[in-house]
>>> print(open('work-v1.pdb').read())   # PDB, N, CA and C atoms and all ligand atoms
MODEL        1
ATOM      1  N   MET J  16      12.807 148.592  48.264  1.00  0.00           N
ATOM      2  CA  MET J  16      12.570 148.893  49.675  1.00  0.00           C
ATOM      3  C   MET J  16      12.083 147.631  50.387  1.00  0.00           C
ATOM      4  N   LYS J  17      12.602 147.475  51.612  1.00  0.00           N
ATOM      5  CA  LYS J  17      12.125 146.378  52.459  1.00  0.00           C
ATOM      6  C   LYS J  17      11.692 146.954  53.796  1.00  0.00           C
ATOM      7  N   VAL J  18      10.863 146.199  54.499  1.00  0.00           N
ATOM      8  CA  VAL J  18      10.379 146.680  55.776  1.00  0.00           C
ATOM      9  C   VAL J  18      10.442 145.546  56.790  1.00  0.00           C
ATOM     10  N   LYS J  19      10.704 145.920  58.032  1.00  0.00           N
ATOM     11  CA  LYS J  19      10.603 144.909  59.083  1.00  0.00           C
ATOM     12  C   LYS J  19      10.114 145.558  60.377  1.00  0.00           C
ATOM     13  N   ILE J  20       9.627 144.725  61.256  1.00  0.00           N
ATOM     14  CA  ILE J  20       9.141 145.198  62.547  1.00  0.00           C
ATOM     15  C   ILE J  20      10.071 144.676  63.626  1.00  0.00           C
ATOM     16  N   ASP J  21      10.506 145.579  64.485  1.00  0.00           N
ATOM     17  CA  ASP J  21      11.312 145.190  65.643  1.00  0.00           C
ATOM     18  C   ASP J  21      10.361 144.682  66.724  1.00  0.00           C
ATOM     19  N   SER J  22      10.331 143.369  66.905  1.00  0.00           N
ATOM     20  CA  SER J  22       9.351 142.769  67.819  1.00  0.00           C
ATOM     21  C   SER J  22       9.609 143.166  69.278  1.00  0.00           C
ATOM     22  N   GLU J  23      10.819 143.599  69.582  1.00  0.00           N
ATOM     23  CA  GLU J  23      11.098 144.043  70.949  1.00  0.00           C
ATOM     24  C   GLU J  23      10.445 145.388  71.227  1.00  0.00           C
ATOM     25  N   ARG J  24      10.287 146.188  70.190  1.00  0.00           N
ATOM     26  CA  ARG J  24       9.690 147.515  70.363  1.00  0.00           C
ATOM     27  C   ARG J  24       8.170 147.491  70.208  1.00  0.00           C
ATOM     28  N   CYS J  25       7.672 146.633  69.326  1.00  0.00           N
ATOM     29  CA  CYS J  25       6.236 146.622  69.016  1.00  0.00           C
ATOM     30  C   CYS J  25       5.410 146.374  70.279  1.00  0.00           C
ATOM     31  N   GLN J  26       4.413 147.232  70.473  1.00  0.00           N
ATOM     32  CA  GLN J  26       3.511 147.085  71.621  1.00  0.00           C
ATOM     33  C   GLN J  26       2.087 146.768  71.178  1.00  0.00           C
ATOM     34  N   GLY J  27       1.908 146.508  69.891  1.00  0.00           N
ATOM     35  CA  GLY J  27       0.597 146.100  69.398  1.00  0.00           C
ATOM     36  C   GLY J  27      -0.386 147.236  69.176  1.00  0.00           C
ATOM     37  N   HIS J  28       0.110 148.412  68.839  1.00  0.00           N
ATOM     38  CA  HIS J  28      -0.806 149.539  68.592  1.00  0.00           C
ATOM     39  C   HIS J  28      -1.664 149.337  67.340  1.00  0.00           C
ATOM     40  N   GLY J  29      -1.167 148.570  66.409  1.00  0.00           N
ATOM     41  CA  GLY J  29      -1.985 148.165  65.271  1.00  0.00           C
ATOM     42  C   GLY J  29      -2.136 149.180  64.159  1.00  0.00           C
ATOM     43  N   ARG J  30      -1.441 150.286  64.233  1.00  0.00           N
ATOM     44  CA  ARG J  30      -1.591 151.279  63.159  1.00  0.00           C
ATOM     45  C   ARG J  30      -1.014 150.766  61.852  1.00  0.00           C
ATOM     46  N   CYS J  31       0.025 149.955  61.954  1.00  0.00           N
ATOM     47  CA  CYS J  31       0.647 149.438  60.726  1.00  0.00           C
ATOM     48  C   CYS J  31      -0.351 148.622  59.925  1.00  0.00           C
ATOM     49  N   TYR J  32      -1.007 147.663  60.550  1.00  0.00           N
ATOM     50  CA  TYR J  32      -1.915 146.818  59.759  1.00  0.00           C
ATOM     51  C   TYR J  32      -3.249 147.487  59.459  1.00  0.00           C
ATOM     52  N   ASP J  33      -3.603 148.534  60.209  1.00  0.00           N
ATOM     53  CA  ASP J  33      -4.776 149.329  59.825  1.00  0.00           C
ATOM     54  C   ASP J  33      -4.473 150.144  58.564  1.00  0.00           C
ATOM     55  N   LEU J  34      -3.283 150.727  58.521  1.00  0.00           N
ATOM     56  CA  LEU J  34      -2.933 151.617  57.412  1.00  0.00           C
ATOM     57  C   LEU J  34      -2.508 150.849  56.167  1.00  0.00           C
ATOM     58  N   ALA J  35      -1.821 149.746  56.360  1.00  0.00           N
ATOM     59  CA  ALA J  35      -1.255 149.008  55.219  1.00  0.00           C
ATOM     60  C   ALA J  35      -1.497 147.512  55.394  1.00  0.00           C
ATOM     61  N   PRO J  36      -2.766 147.100  55.302  1.00  0.00           N
ATOM     62  CA  PRO J  36      -3.084 145.692  55.546  1.00  0.00           C
ATOM     63  C   PRO J  36      -2.482 144.733  54.519  1.00  0.00           C
ATOM     64  N   ASP J  37      -2.048 145.259  53.378  1.00  0.00           N
ATOM     65  CA  ASP J  37      -1.393 144.383  52.397  1.00  0.00           C
ATOM     66  C   ASP J  37       0.004 143.968  52.861  1.00  0.00           C
ATOM     67  N   LEU J  38       0.587 144.785  53.710  1.00  0.00           N
ATOM     68  CA  LEU J  38       1.986 144.557  54.091  1.00  0.00           C
ATOM     69  C   LEU J  38       2.162 144.068  55.511  1.00  0.00           C
ATOM     70  N   PHE J  39       1.184 144.393  56.348  1.00  0.00           N
ATOM     71  CA  PHE J  39       1.311 144.034  57.760  1.00  0.00           C
ATOM     72  C   PHE J  39       0.088 143.259  58.219  1.00  0.00           C
ATOM     73  N   GLY J  40       0.321 142.380  59.160  1.00  0.00           N
ATOM     74  CA  GLY J  40      -0.763 141.653  59.792  1.00  0.00           C
ATOM     75  C   GLY J  40      -0.515 141.646  61.285  1.00  0.00           C
ATOM     76  N   ALA J  41      -1.339 140.869  61.984  1.00  0.00           N
ATOM     77  CA  ALA J  41      -1.209 140.801  63.436  1.00  0.00           C
ATOM     78  C   ALA J  41      -1.055 139.356  63.868  1.00  0.00           C
ATOM     79  N   ASP J  42      -0.301 139.162  64.946  1.00  0.00           N
ATOM     80  CA  ASP J  42      -0.266 137.814  65.509  1.00  0.00           C
ATOM     81  C   ASP J  42      -1.476 137.644  66.438  1.00  0.00           C
ATOM     82  N   ASP J  43      -1.553 136.527  67.125  1.00  0.00           N
ATOM     83  CA  ASP J  43      -2.731 136.231  67.946  1.00  0.00           C
ATOM     84  C   ASP J  43      -2.963 137.258  69.047  1.00  0.00           C
ATOM     85  N   GLU J  44      -1.909 137.964  69.427  1.00  0.00           N
ATOM     86  CA  GLU J  44      -2.037 138.937  70.505  1.00  0.00           C
ATOM     87  C   GLU J  44      -2.077 140.374  70.006  1.00  0.00           C
ATOM     88  N   GLY J  45      -2.143 140.530  68.679  1.00  0.00           N
ATOM     89  CA  GLY J  45      -2.276 141.874  68.119  1.00  0.00           C
ATOM     90  C   GLY J  45      -0.967 142.580  67.829  1.00  0.00           C
ATOM     91  N   TYR J  46       0.141 141.873  68.017  1.00  0.00           N
ATOM     92  CA  TYR J  46       1.422 142.474  67.664  1.00  0.00           C
ATOM     93  C   TYR J  46       1.604 142.416  66.151  1.00  0.00           C
ATOM     94  N   GLY J  47       2.275 143.411  65.635  1.00  0.00           N
ATOM     95  CA  GLY J  47       2.421 143.516  64.195  1.00  0.00           C
ATOM     96  C   GLY J  47       3.393 142.507  63.612  1.00  0.00           C
ATOM     97  N   LEU J  48       3.067 142.048  62.415  1.00  0.00           N
ATOM     98  CA  LEU J  48       3.930 141.150  61.654  1.00  0.00           C
ATOM     99  C   LEU J  48       4.028 141.668  60.227  1.00  0.00           C
ATOM    100  N   VAL J  49       5.163 141.454  59.614  1.00  0.00           N
ATOM    101  CA  VAL J  49       5.297 141.745  58.197  1.00  0.00           C
ATOM    102  C   VAL J  49       4.837 140.517  57.429  1.00  0.00           C
ATOM    103  N   THR J  50       3.975 140.723  56.450  1.00  0.00           N
ATOM    104  CA  THR J  50       3.546 139.593  55.632  1.00  0.00           C
ATOM    105  C   THR J  50       4.595 139.359  54.544  1.00  0.00           C
ATOM    106  N   GLY J  51       4.747 138.131  54.133  1.00  0.00           N
ATOM    107  CA  GLY J  51       5.734 137.810  53.110  1.00  0.00           C
ATOM    108  C   GLY J  51       7.142 138.049  53.619  1.00  0.00           C
ATOM    109  N   ASP J  52       8.047 138.382  52.697  1.00  0.00           N
ATOM    110  CA  ASP J  52       9.450 138.539  53.106  1.00  0.00           C
ATOM    111  C   ASP J  52       9.820 139.991  53.380  1.00  0.00           C
ATOM    112  N   GLY J  53       8.827 140.871  53.394  1.00  0.00           N
ATOM    113  CA  GLY J  53       9.084 142.268  53.728  1.00  0.00           C
ATOM    114  C   GLY J  53       9.401 143.140  52.528  1.00  0.00           C
ATOM    115  N   THR J  54       9.414 142.560  51.341  1.00  0.00           N
ATOM    116  CA  THR J  54       9.653 143.369  50.149  1.00  0.00           C
ATOM    117  C   THR J  54       8.441 144.258  49.886  1.00  0.00           C
ATOM    118  N   VAL J  55       8.691 145.547  49.710  1.00  0.00           N
ATOM    119  CA  VAL J  55       7.603 146.506  49.504  1.00  0.00           C
ATOM    120  C   VAL J  55       7.474 146.807  48.013  1.00  0.00           C
ATOM    121  N   PRO J  56       6.317 146.513  47.412  1.00  0.00           N
ATOM    122  CA  PRO J  56       6.133 146.889  46.006  1.00  0.00           C
ATOM    123  C   PRO J  56       6.210 148.416  45.864  1.00  0.00           C
ATOM    124  N   GLU J  57       6.682 148.882  44.712  1.00  0.00           N
ATOM    125  CA  GLU J  57       6.873 150.325  44.528  1.00  0.00           C
ATOM    126  C   GLU J  57       5.621 151.135  44.827  1.00  0.00           C
ATOM    127  N   ASP J  58       4.482 150.599  44.454  1.00  0.00           N
ATOM    128  CA  ASP J  58       3.253 151.367  44.669  1.00  0.00           C
ATOM    129  C   ASP J  58       2.773 151.323  46.122  1.00  0.00           C
ATOM    130  N   HIS J  59       3.529 150.681  47.003  1.00  0.00           N
ATOM    131  CA  HIS J  59       3.185 150.664  48.427  1.00  0.00           C
ATOM    132  C   HIS J  59       4.225 151.393  49.280  1.00  0.00           C
ATOM    133  N   GLU J  60       5.156 152.072  48.613  1.00  0.00           N
ATOM    134  CA  GLU J  60       6.228 152.707  49.388  1.00  0.00           C
ATOM    135  C   GLU J  60       5.698 153.835  50.268  1.00  0.00           C
ATOM    136  N   ARG J  61       4.782 154.633  49.726  1.00  0.00           N
ATOM    137  CA  ARG J  61       4.286 155.768  50.521  1.00  0.00           C
ATOM    138  C   ARG J  61       3.496 155.302  51.728  1.00  0.00           C
ATOM    139  N   VAL J  62       2.661 154.296  51.545  1.00  0.00           N
ATOM    140  CA  VAL J  62       1.856 153.828  52.679  1.00  0.00           C
ATOM    141  C   VAL J  62       2.752 153.141  53.719  1.00  0.00           C
ATOM    142  N   THR J  63       3.843 152.561  53.262  1.00  0.00           N
ATOM    143  CA  THR J  63       4.791 151.959  54.203  1.00  0.00           C
ATOM    144  C   THR J  63       5.457 153.041  55.042  1.00  0.00           C
ATOM    145  N   GLU J  64       5.834 154.141  54.390  1.00  0.00           N
ATOM    146  CA  GLU J  64       6.427 155.262  55.128  1.00  0.00           C
ATOM    147  C   GLU J  64       5.409 155.854  56.093  1.00  0.00           C
ATOM    148  N   LEU J  65       4.164 155.913  55.666  1.00  0.00           N
ATOM    149  CA  LEU J  65       3.098 156.424  56.534  1.00  0.00           C
ATOM    150  C   LEU J  65       2.937 155.523  57.766  1.00  0.00           C
ATOM    151  N   ALA J  66       2.919 154.228  57.540  1.00  0.00           N
ATOM    152  CA  ALA J  66       2.796 153.294  58.668  1.00  0.00           C
ATOM    153  C   ALA J  66       3.975 153.446  59.620  1.00  0.00           C
ATOM    154  N   ALA J  67       5.177 153.561  59.057  1.00  0.00           N
ATOM    155  CA  ALA J  67       6.363 153.686  59.907  1.00  0.00           C
ATOM    156  C   ALA J  67       6.297 154.962  60.742  1.00  0.00           C
ATOM    157  N   SER J  68       5.857 156.052  60.129  1.00  0.00           N
ATOM    158  CA  SER J  68       5.827 157.302  60.883  1.00  0.00           C
ATOM    159  C   SER J  68       4.667 157.341  61.868  1.00  0.00           C
ATOM    160  N   ASN J  69       3.693 156.460  61.705  1.00  0.00           N
ATOM    161  CA  ASN J  69       2.552 156.417  62.635  1.00  0.00           C
ATOM    162  C   ASN J  69       2.726 155.413  63.761  1.00  0.00           C
ATOM    163  N   CYS J  70       3.769 154.627  63.727  1.00  0.00           N
ATOM    164  CA  CYS J  70       3.977 153.665  64.818  1.00  0.00           C
ATOM    165  C   CYS J  70       4.515 154.414  66.038  1.00  0.00           C
ATOM    166  N   PRO J  71       3.744 154.420  67.131  1.00  0.00           N
ATOM    167  CA  PRO J  71       4.175 155.186  68.305  1.00  0.00           C
ATOM    168  C   PRO J  71       5.455 154.655  68.938  1.00  0.00           C
ATOM    169  N   GLU J  72       5.777 153.412  68.658  1.00  0.00           N
ATOM    170  CA  GLU J  72       6.978 152.819  69.255  1.00  0.00           C
ATOM    171  C   GLU J  72       8.183 152.872  68.326  1.00  0.00           C
ATOM    172  N   ARG J  73       8.000 153.435  67.152  1.00  0.00           N
ATOM    173  CA  ARG J  73       9.059 153.472  66.131  1.00  0.00           C
ATOM    174  C   ARG J  73       9.632 152.069  65.891  1.00  0.00           C
ATOM    175  N   ALA J  74       8.731 151.113  65.814  1.00  0.00           N
ATOM    176  CA  ALA J  74       9.148 149.715  65.680  1.00  0.00           C
ATOM    177  C   ALA J  74       9.315 149.286  64.229  1.00  0.00           C
ATOM    178  N   ILE J  75       8.886 150.133  63.301  1.00  0.00           N
ATOM    179  CA  ILE J  75       8.925 149.751  61.883  1.00  0.00           C
ATOM    180  C   ILE J  75      10.175 150.327  61.241  1.00  0.00           C
ATOM    181  N   GLU J  76      10.963 149.432  60.700  1.00  0.00           N
ATOM    182  CA  GLU J  76      12.233 149.829  60.110  1.00  0.00           C
ATOM    183  C   GLU J  76      12.151 149.681  58.601  1.00  0.00           C
ATOM    184  N   ILE J  77      12.515 150.737  57.901  1.00  0.00           N
ATOM    185  CA  ILE J  77      12.534 150.696  56.441  1.00  0.00           C
ATOM    186  C   ILE J  77      13.968 150.560  55.968  1.00  0.00           C
ATOM    187  N   LEU J  78      14.179 149.591  55.093  1.00  0.00           N
ATOM    188  CA  LEU J  78      15.520 149.351  54.557  1.00  0.00           C
ATOM    189  C   LEU J  78      15.504 149.685  53.075  1.00  0.00           C
ATOM    190  N   ARG J  79      16.315 150.633  52.703  1.00  0.00           N
ATOM    191  CA  ARG J  79      16.387 151.022  51.284  1.00  0.00           C
ATOM    192  C   ARG J  79      17.619 150.402  50.665  1.00  0.00           C
ATOM    193  N   GLU J  80      17.393 149.769  49.512  1.00  0.00           N
ATOM    194  CA  GLU J  80      18.523 149.089  48.877  1.00  0.00           C
ATOM    195  C   GLU J  80      19.378 150.081  48.118  1.00  0.00           C
TER     196      GLU J  80
HETATM  197 FE1  LIG J 101       3.440 147.319  66.574  1.00  0.00          FE
HETATM  198 FE2  LIG J 101       3.782 149.758  65.771  1.00  0.00          FE
HETATM  199 FE3  LIG J 101       2.336 148.150  64.368  1.00  0.00          FE
HETATM  200  S1  LIG J 101       3.555 149.107  67.875  1.00  0.00           S
HETATM  201  S2  LIG J 101       1.431 146.721  65.815  1.00  0.00           S
HETATM  202  S3  LIG J 101       4.512 147.951  64.753  1.00  0.00           S
HETATM  203  S4  LIG J 101       1.920 150.282  64.735  1.00  0.00           S
ENDMDL
END
>>> encode(input="work-v1.pdb", output="structure tokens")
Amino acid sequence: MKVKIDSERCQGHGRCYDLAPDLFGADDEGYGLVTGDGTVPEDHERVTELAASNCPERAIEILRE
């Protein structure tokens, strides 16, 4: 599983990095960023889905291989 954030949609609500700080961070203005290359370790798949479903802008995209 991979994850990415659509920067055009992200409004900086911050739920992604609150819920899954291992996978998401914030830029200087609080917009979400994916840390690393977006590869989600197996034991982080559920929290990634939780973050995606909690983003009010639906900016988090999950890519399943
Ligand atoms: Fe942005 Fe959604 Fe996270 S709006 S900061 S991707 S919760």
>>> closest_residue(input="work-v1.pdb", among="J:Asp33, J:Glu57, J:Glu44, J:Asp52", to="Val18 in chain J", atoms="only N, CA and C atoms")
J:Asp52
>>> axis_aligned_box(input="work-v1.pdb", around="ligand LIG 101 (chain J)", padding_each_side="6 Å", output="JSON")
{"center_x": 3.0, "center_y": 148.5, "center_z": 66.1, "size_x": 15.1, "size_y": 15.6, "size_z": 15.5}
>>> residues_around(input="work-v1.pdb", residues="Val62 in chain J", least_positions_apart="4", cutoff="6 Å", atoms="all atoms listed in the file", output="list of chain:residue names")
J:Ala35, J:Ala66, J:Ala67
>>> residues_near_ligand(input="work-v1.pdb", ligand="ligand LIG 101 (chain J)", cutoff="9 Å", atoms="only C-alpha atoms and all ligand atoms", output="number ranges by chain")
J: 19-22, 24-34, 39-41, 45-48, 66-75
>>> closest_residue(input="work-v1.pdb", among="J:Leu78, J:Lys17, J:Glu23, J:Leu65", to="Gly53 in chain J", atoms="only C-alpha atoms")
J:Lys17
>>> atom_distance(input="work-v1.pdb", atom1="CA of Asp37 in chain J", atom2="CA of Met16 in chain J")
14.9 Å
>>> select_by_dssp(input="work-v1.pdb", residues="range 21-76 of chain J", states="alpha helix (DSSP H)", output="list in words")
Arg30, Cys31, Tyr32, Asp33, Leu34, Glu60, Arg61, Val62, Thr63, Glu64, Leu65, Ala66, Ala67, Ser68 and Asn69 of chain J
>>> atom_distance(input="work-v1.pdb", atom1="atom N of Ile77 in chain J", atom2="atom C of Asp42 in chain J")
21.0 Å
>>> atom_distance(input="work-v1.pdb", atom1="CA of Arg79 in chain J", atom2="CA of Pro36 in chain J")
20.6 Å
>>> select_by_dssp(input="work-v1.pdb", residues="chain J", states="strand (DSSP E)", output="list in words")
Lys17, Val18, Lys19, Ile20, Phe39, Gly40, Ala41, Gly47, Leu48, Val49, Ile75, Glu76, Ile77 and Leu78 of chain J
